[in-house]
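Trainee: Next up, work_33.pdb (PDB, C-alpha atoms and all ligand atoms).
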MODEL        1
ATOM      1  CA  MET V   1      33.440   5.492 -33.418
ATOM      2  CA  VAL V   2      35.837   7.743 -31.512
ATOM      3  CA  SER V   3      37.046  10.724 -33.491
ATOM      4  CA  VAL V   4      40.686  11.721 -33.192
ATOM      5  CA  ARG V   5      42.647  14.583 -34.664
ATOM      6  CA  PRO V   6      46.296  15.541 -35.041
ATOM      7  CA  VAL V   7      47.542  17.840 -32.291
ATOM      8  CA  LYS V   8      50.949  19.485 -32.188
ATOM      9  CA  LEU V   9      52.211  20.463 -28.760
ATOM     10  CA  HIS V  10      55.315  22.567 -28.159
ATOM     11  CA  ILE V  11      56.694  21.392 -24.832
ATOM     12  CA  ASN V  12      59.961  22.399 -23.177
ATOM     13  CA  GLY V  13      61.310  23.621 -26.512
ATOM     14  CA  GLU V  14      60.368  20.509 -28.491
ATOM     15  CA  GLU V  15      57.498  19.882 -30.862
ATOM     16  CA  HIS V  16      55.414  16.739 -30.294
ATOM     17  CA  ALA V  17      52.948  15.442 -32.872
ATOM     18  CA  LEU V  18      50.094  13.473 -31.317
ATOM     19  CA  THR V  19      46.791  12.050 -32.434
ATOM     20  CA  LEU V  20      44.210  12.656 -29.739
ATOM     21  CA  GLU V  21      40.523  12.740 -29.046
ATOM     22  CA  PRO V  22      39.547  16.402 -28.622
ATOM     23  CA  ARG V  23      38.411  15.705 -25.046
ATOM     24  CA  VAL V  24      41.916  14.645 -23.856
ATOM     25  CA  THR V  25      43.245  17.000 -21.216
ATOM     26  CA  LEU V  26      46.691  18.535 -21.375
ATOM     27  CA  LEU V  27      47.488  16.617 -18.183
ATOM     28  CA  ASP V  28      46.657  13.250 -19.751
ATOM     29  CA  ALA V  29      48.474  14.179 -22.966
ATOM     30  CA  LEU V  30      51.607  14.936 -20.930
ATOM     31  CA  ARG V  31      51.458  11.926 -18.640
ATOM     32  CA  GLU V  32      49.785   9.193 -20.683
ATOM     33  CA  HIS V  33      50.854  10.051 -24.222
ATOM     34  CA  LEU V  34      54.264  11.697 -23.755
ATOM     35  CA  HIS V  35      55.327  10.052 -20.473
ATOM     36  CA  LEU V  36      56.207  13.410 -18.953
ATOM     37  CA  THR V  37      55.146  12.200 -15.530
ATOM     38  CA  GLY V  38      56.716  15.024 -13.534
ATOM     39  CA  THR V  39      53.369  16.816 -13.765
ATOM     40  CA  LYS V  40      51.176  15.125 -11.172
ATOM     41  CA  LYS V  41      47.514  14.178 -11.176
ATOM     42  CA  GLY V  42      46.021  14.869  -7.775
ATOM     43  CA  CYS V  43      42.325  15.691  -7.789
ATOM     44  CA  ASP V  44      41.879  15.919 -11.592
ATOM     45  CA  GLN V  45      39.208  18.551 -10.812
ATOM     46  CA  GLY V  46      41.051  21.851 -10.553
ATOM     47  CA  GLN V  47      41.249  21.827  -6.762
ATOM     48  CA  CYS V  48      44.826  20.928  -5.771
ATOM     49  CA  GLY V  49      47.364  22.496  -8.142
ATOM     50  CA  ALA V  50      49.422  19.294  -8.529
ATOM     51  CA  CYS V  51      49.075  19.540 -12.315
ATOM     52  CA  THR V  52      50.305  23.157 -12.636
ATOM     53  CA  VAL V  53      52.283  23.861 -15.816
ATOM     54  CA  HIS V  54      53.043  27.043 -17.738
ATOM     55  CA  VAL V  55      51.326  27.867 -21.017
ATOM     56  CA  ASP V  56      52.891  30.900 -22.674
ATOM     57  CA  GLY V  57      54.437  31.738 -19.313
ATOM     58  CA  GLU V  58      51.157  31.695 -17.366
ATOM     59  CA  ARG V  59      50.410  29.028 -14.774
ATOM     60  CA  VAL V  60      47.515  26.828 -15.774
ATOM     61  CA  LEU V  61      45.910  23.723 -14.349
ATOM     62  CA  ALA V  62      46.629  21.014 -16.905
ATOM     63  CA  CYS V  63      43.670  18.932 -15.679
ATOM     64  CA  LEU V  64      41.276  21.733 -16.654
ATOM     65  CA  THR V  65      42.942  22.492 -19.992
ATOM     66  CA  LEU V  66      42.293  20.489 -23.126
ATOM     67  CA  ALA V  67      45.389  19.522 -25.072
ATOM     68  CA  VAL V  68      43.878  21.081 -28.203
ATOM     69  CA  GLN V  69      43.562  24.406 -26.366
ATOM     70  CA  ALA V  70      47.341  24.471 -25.900
ATOM     71  CA  GLU V  71      48.151  23.973 -29.588
ATOM     72  CA  GLY V  72      50.437  26.713 -30.838
ATOM     73  CA  CYS V  73      51.438  27.725 -27.299
ATOM     74  CA  ALA V  74      54.738  27.293 -25.495
ATOM     75  CA  ILE V  75      54.187  24.740 -22.728
ATOM     76  CA  THR V  76      56.680  24.321 -19.909
ATOM     77  CA  THR V  77      56.574  21.431 -17.459
ATOM     78  CA  ILE V  78      58.712  20.696 -14.434
ATOM     79  CA  GLU V  79      61.022  18.676 -16.706
ATOM     80  CA  GLY V  80      61.683  21.851 -18.694
ATOM     81  CA  LEU V  81      62.916  23.894 -15.714
ATOM     82  CA  THR V  82      66.141  21.983 -15.214
ATOM     83  CA  ALA V  83      69.009  23.151 -17.417
ATOM     84  CA  PRO V  84      70.211  20.727 -20.129
ATOM     85  CA  ASP V  85      73.345  20.006 -18.087
ATOM     86  CA  GLY V  86      71.186  18.948 -15.133
ATOM     87  CA  THR V  87      71.591  22.139 -13.108
ATOM     88  CA  PRO V  88      68.393  22.654 -11.127
ATOM     89  CA  HIS V  89      66.353  25.826 -11.600
ATOM     90  CA  PRO V  90      66.956  28.263  -8.688
ATOM     91  CA  VAL V  91      63.462  27.507  -7.332
ATOM     92  CA  GLN V  92      64.157  23.765  -7.460
ATOM     93  CA  GLN V  93      67.444  24.418  -5.658
ATOM     94  CA  ALA V  94      65.690  26.523  -3.002
ATOM     95  CA  PHE V  95      63.125  23.757  -2.404
ATOM     96  CA  MET V  96      65.975  21.310  -1.773
ATOM     97  CA  GLU V  97      67.881  23.705   0.479
ATOM     98  CA  GLU V  98      64.785  24.620   2.522
ATOM     99  CA  ASP V  99      63.558  21.011   2.771
ATOM    100  CA  ALA V 100      60.270  22.146   1.232
ATOM    101  CA  PHE V 101      58.738  18.735   0.590
ATOM    102  CA  GLN V 102      57.859  15.555   2.375
ATOM    103  CA  CYS V 103      56.279  12.996   0.028
ATOM    104  CA  GLY V 104      57.034  15.312  -2.889
ATOM    105  CA  TYR V 105      53.782  14.658  -4.723
ATOM    106  CA  CYS V 106      52.704  18.298  -4.752
ATOM    107  CA  THR V 107      56.245  19.565  -5.341
ATOM    108  CA  PRO V 108      56.310  19.896  -9.153
ATOM    109  CA  GLY V 109      53.078  21.894  -9.091
ATOM    110  CA  GLN V 110      54.307  23.986  -6.174
ATOM    111  CA  ILE V 111      57.549  24.752  -8.020
ATOM    112  CA  MET V 112      55.799  25.654 -11.289
ATOM    113  CA  SER V 113      53.466  27.912  -9.364
ATOM    114  CA  ALA V 114      56.345  29.435  -7.393
ATOM    115  CA  VAL V 115      58.320  30.242 -10.538
ATOM    116  CA  ALA V 116      55.316  32.122 -11.927
ATOM    117  CA  CYS V 117      54.555  33.734  -8.557
ATOM    118  CA  ILE V 118      58.068  35.194  -8.416
ATOM    119  CA  ARG V 119      58.014  36.224 -12.090
ATOM    120  CA  GLU V 120      54.638  37.941 -11.607
ATOM    121  CA  GLY V 121      56.111  39.942  -8.706
ATOM    122  CA  HIS V 122      53.880  38.357  -6.061
ATOM    123  CA  ALA V 123      56.579  37.110  -3.716
ATOM    124  CA  GLY V 124      57.241  40.329  -1.806
ATOM    125  CA  SER V 125      56.250  38.992   1.616
ATOM    126  CA  ASP V 126      55.296  35.699   3.241
ATOM    127  CA  ASP V 127      51.616  36.747   3.260
ATOM    128  CA  GLU V 128      51.749  37.572  -0.431
ATOM    129  CA  ILE V 129      53.474  34.267  -1.200
ATOM    130  CA  ARG V 130      50.798  32.387   0.776
ATOM    131  CA  GLU V 131      48.021  34.212  -1.063
ATOM    132  CA  PHE V 132      49.417  33.620  -4.556
ATOM    133  CA  MET V 133      50.344  29.995  -3.821
ATOM    134  CA  ALA V 134      46.952  29.273  -2.251
ATOM    135  CA  GLY V 135      45.791  27.115  -5.169
ATOM    136  CA  ASN V 136      48.559  24.599  -4.527
ATOM    137  CA  LEU V 137      47.655  22.189  -1.769
ATOM    138  CA  CYS V 138      50.114  20.035   0.172
ATOM    139  CA  ARG V 139      48.632  17.091   2.014
ATOM    140  CA  CYS V 140      51.860  16.753   4.017
ATOM    141  CA  GLY V 141      51.612  20.302   5.348
ATOM    142  CA  ALA V 142      55.054  21.370   4.138
ATOM    143  CA  TYR V 143      53.816  24.952   3.782
ATOM    144  CA  PRO V 144      56.279  26.745   6.130
ATOM    145  CA  ASN V 145      59.269  25.388   4.243
ATOM    146  CA  ILE V 146      57.595  25.968   0.871
ATOM    147  CA  VAL V 147      57.113  29.633   1.788
ATOM    148  CA  SER V 148      60.759  29.808   2.936
ATOM    149  CA  ALA V 149      61.911  28.314  -0.361
ATOM    150  CA  VAL V 150      59.836  30.730  -2.445
ATOM    151  CA  ARG V 151      61.077  33.679  -0.356
ATOM    152  CA  LYS V 152      64.697  32.542  -0.734
ATOM    153  CA  ALA V 153      64.377  32.112  -4.509
ATOM    154  CA  ALA V 154      62.586  35.456  -4.823
ATOM    155  CA  GLU V 155      65.304  37.236  -2.840
ATOM    156  CA  ALA V 156      68.006  35.620  -4.966
ATOM    157  CA  ALA V 157      66.211  36.716  -8.146
ATOM    158  CA  SER V 158      65.766  40.354  -7.077
TER     159      SER V 158
HETATM  160  S1  LIG P 201      45.105  17.594 -10.587
HETATM  161 FE1  LIG P 201      44.706  19.496 -11.510
HETATM  162  S2  LIG P 201      44.159  20.795  -9.863
HETATM  163 FE2  LIG P 201      44.347  18.810  -8.955
HETATM  164  S1  LIG P 202      55.016  17.194   0.172
HETATM  165 FE1  LIG P 202      53.511  15.608   0.231
HETATM  166  S2  LIG P 202      51.790  16.544  -0.705
HETATM  167 FE2  LIG P 202      53.177  18.136  -0.468
ENDMDL
END
Go ahead and render the structure in this file as structure tokens.
Ligand code: FES
Ligand code: FES
Mentor:
Amino acid sequence: MVSVRPVKLHINGEEHALTLEPRVTLLDALREHLHLTGTKKGCDQGQCGACTVHVDGERVLACLTLAVQAEGCAITTIEGLTAPDGTPHPVQQAFMEEDAFQCGYCTPGQIMSAVACIREGHAGSDDEIREFMAGNLCRCGAYPNIVSAVRKAAEAAS
């Protein structure tokens, strides 16, 4: 018999009560149980960054985090970056202006990582941006425009 337990997750300012097996990842809780499908599943093995979300303001790989580990924490997903009136977050806006995506599959993870990269003060130069965004892979090779978008958003925020 599969054992389940109640899990409360605080996501994008809202509390969600779930009943989950303890082995369910945060990524599967978001996508399969809460239908927050903006967070993408790429490798599901911690290699690609497509599943990047923020937990208490820190970027984490949701595929390597159990949902139960995130109980009591403030979780932010790509859906939570956009303002309630639909205004995009400045990093989302910069990605659109710089044409920083092709298929777009890696984009939510790239944006979540970029927001943290800028907030952590690691967007001072293109080399620094590349280094601190290195965990986010783009199979389309949109890297030059991603770096431009992060630089533009970082400059606007400074
Ligand atoms: S899906 Fe989590 S790192 Fe690839
Ligand atoms: S835009 Fe296609 S994977 Fe990055």
Trainee: One decimal, Å: what's the distance from atom CA of Ala70 of chain V over to atom CA of Leu9 of chain V, could you say?
Mentor: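 Between atom CA of Ala70 of chain V and atom CA of Leu9 of chain V the gap is 6.9 Å.
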Trainee: Using all atoms listed in the file, what are the residues with an atom within 8 Å of ligand LIG 202 (chain P), set out as a PyMOL selection string?
Mentor: chain V and resi 100-107+137-142
Trainee: Decode the PyMOL selection byres (((not hetatm)) within 6 of (chain P and resi 201)) for the given file into explicit residues and return them as a list in words.
Mentor: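 Selected by the PyMOL selection byres (((not hetatm)) within 6 of (chain P and resi 201)) in this file: Lys41, Gly42, Cys43, Asp44, Gln45, Gly46, Gln47, Cys48, Gly49, Ala50, Cys51, Leu61, Ala62 and Cys63 of chain V.
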Trainee: Given all atoms listed in the file as the basis, pick out the residue of V:Leu26, V:Val7, V:Val147, V:Ile118 nearest to Phe95 of chain V.
Mentor: V:Val147
Trainee: Enumerate, as a PDB file with C-alpha atoms, in the frame of the given file, the protein, DNA and RNA residues whose atoms approach (55.0, 24.7, -25.2) to within 12 Å, taking into account only C-alpha atoms and the coordinate frame of the file.
Mentor:
ATOM      1  CA  LYS V   8      50.949  19.485 -32.188  1.00  0.00           C
ATOM      2  CA  LEU V   9      52.211  20.463 -28.760  1.00  0.00           C
ATOM      3  CA  HIS V  10      55.315  22.567 -28.159  1.00  0.00           C
ATOM      4  CA  ILE V  11      56.694  21.392 -24.832  1.00  0.00           C
ATOM      5  CA  ASN V  12      59.961  22.399 -23.177  1.00  0.00           C
ATOM      6  CA  GLY V  13      61.310  23.621 -26.512  1.00  0.00           C
ATOM      7  CA  GLU V  14      60.368  20.509 -28.491  1.00  0.00           C
ATOM      8  CA  GLU V  15      57.498  19.882 -30.862  1.00  0.00           C
ATOM      9  CA  HIS V  16      55.414  16.739 -30.294  1.00  0.00           C
ATOM     10  CA  LEU V  26      46.691  18.535 -21.375  1.00  0.00           C
ATOM     11  CA  LEU V  30      51.607  14.936 -20.930  1.00  0.00           C
ATOM     12  CA  VAL V  53      52.283  23.861 -15.816  1.00  0.00           C
ATOM     13  CA  HIS V  54      53.043  27.043 -17.738  1.00  0.00           C
ATOM     14  CA  VAL V  55      51.326  27.867 -21.017  1.00  0.00           C
ATOM     15  CA  ASP V  56      52.891  30.900 -22.674  1.00  0.00           C
ATOM     16  CA  GLY V  57      54.437  31.738 -19.313  1.00  0.00           C
ATOM     17  CA  GLU V  58      51.157  31.695 -17.366  1.00  0.00           C
ATOM     18  CA  ALA V  67      45.389  19.522 -25.072  1.00  0.00           C
ATOM     19  CA  GLN V  69      43.562  24.406 -26.366  1.00  0.00           C
ATOM     20  CA  ALA V  70      47.341  24.471 -25.900  1.00  0.00           C
ATOM     21  CA  GLU V  71      48.151  23.973 -29.588  1.00  0.00           C
ATOM     22  CA  GLY V  72      50.437  26.713 -30.838  1.00  0.00           C
ATOM     23  CA  CYS V  73      51.438  27.725 -27.299  1.00  0.00           C
ATOM     24  CA  ALA V  74      54.738  27.293 -25.495  1.00  0.00           C
ATOM     25  CA  ILE V  75      54.187  24.740 -22.728  1.00  0.00           C
ATOM     26  CA  THR V  76      56.680  24.321 -19.909  1.00  0.00           C
ATOM     27  CA  THR V  77      56.574  21.431 -17.459  1.00  0.00           C
ATOM     28  CA  GLY V  80      61.683  21.851 -18.694  1.00  0.00           C
TER      29      GLY V  80
END
Trainee: Please identify all polymer residues within 12 Å of Ala123 of chain V, counting only C-alpha atoms, omitting same-chain residues fewer than 5 positions from it, and present them as a PyMOL selection string.
Mentor: chain V and resi 113-118+128-133+147-158
Trainee: Under the PyMOL selection byres (((chain V and resi 33) around 12) and not hetatm), which residues of this model are included? Write them out as a list in words.
Mentor: Val7, Leu9, His16, Ala17, Leu18, Thr19, Leu20, Glu21, Val24, Thr25, Leu26, Leu27, Asp28, Ala29, Leu30, Arg31, Glu32, Leu34, His35, Leu36, Thr37 and Ala67 of chain V
Trainee: Rank V:Asn136, V:Pro144, V:His122, V:Asp85 by their smallest atom-to-atom distance to Pro108 of chain V, using all atoms listed in the file, and report the top residue only.
Mentor: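 Using all atoms listed in the file, the shortest distance to Pro108 of chain V belongs to V:Asn136.
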Trainee: So, counting only C-alpha atoms, which residue among V:Ile111, V:Ile146, V:Thr87, V:Lys40 is closest to Asp99 of chain V?
Mentor: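 Looking only at the distances to Asp99 of chain V, the closest residue turns out to be V:Ile146.
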Trainee: Taking (30.9, 9.0, -29.0) as a centre in this file's frame and 12 Å as the limit, can you find every polymer residue with an atom that close, using all atoms listed in the file, and give them as a list of chain:residue names?
Mentor: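 Those residues, ordered by chain and then number, are V:Met1, V:Val2, V:Ser3, V:Val4, V:Glu21, V:Pro22, V:Arg23.
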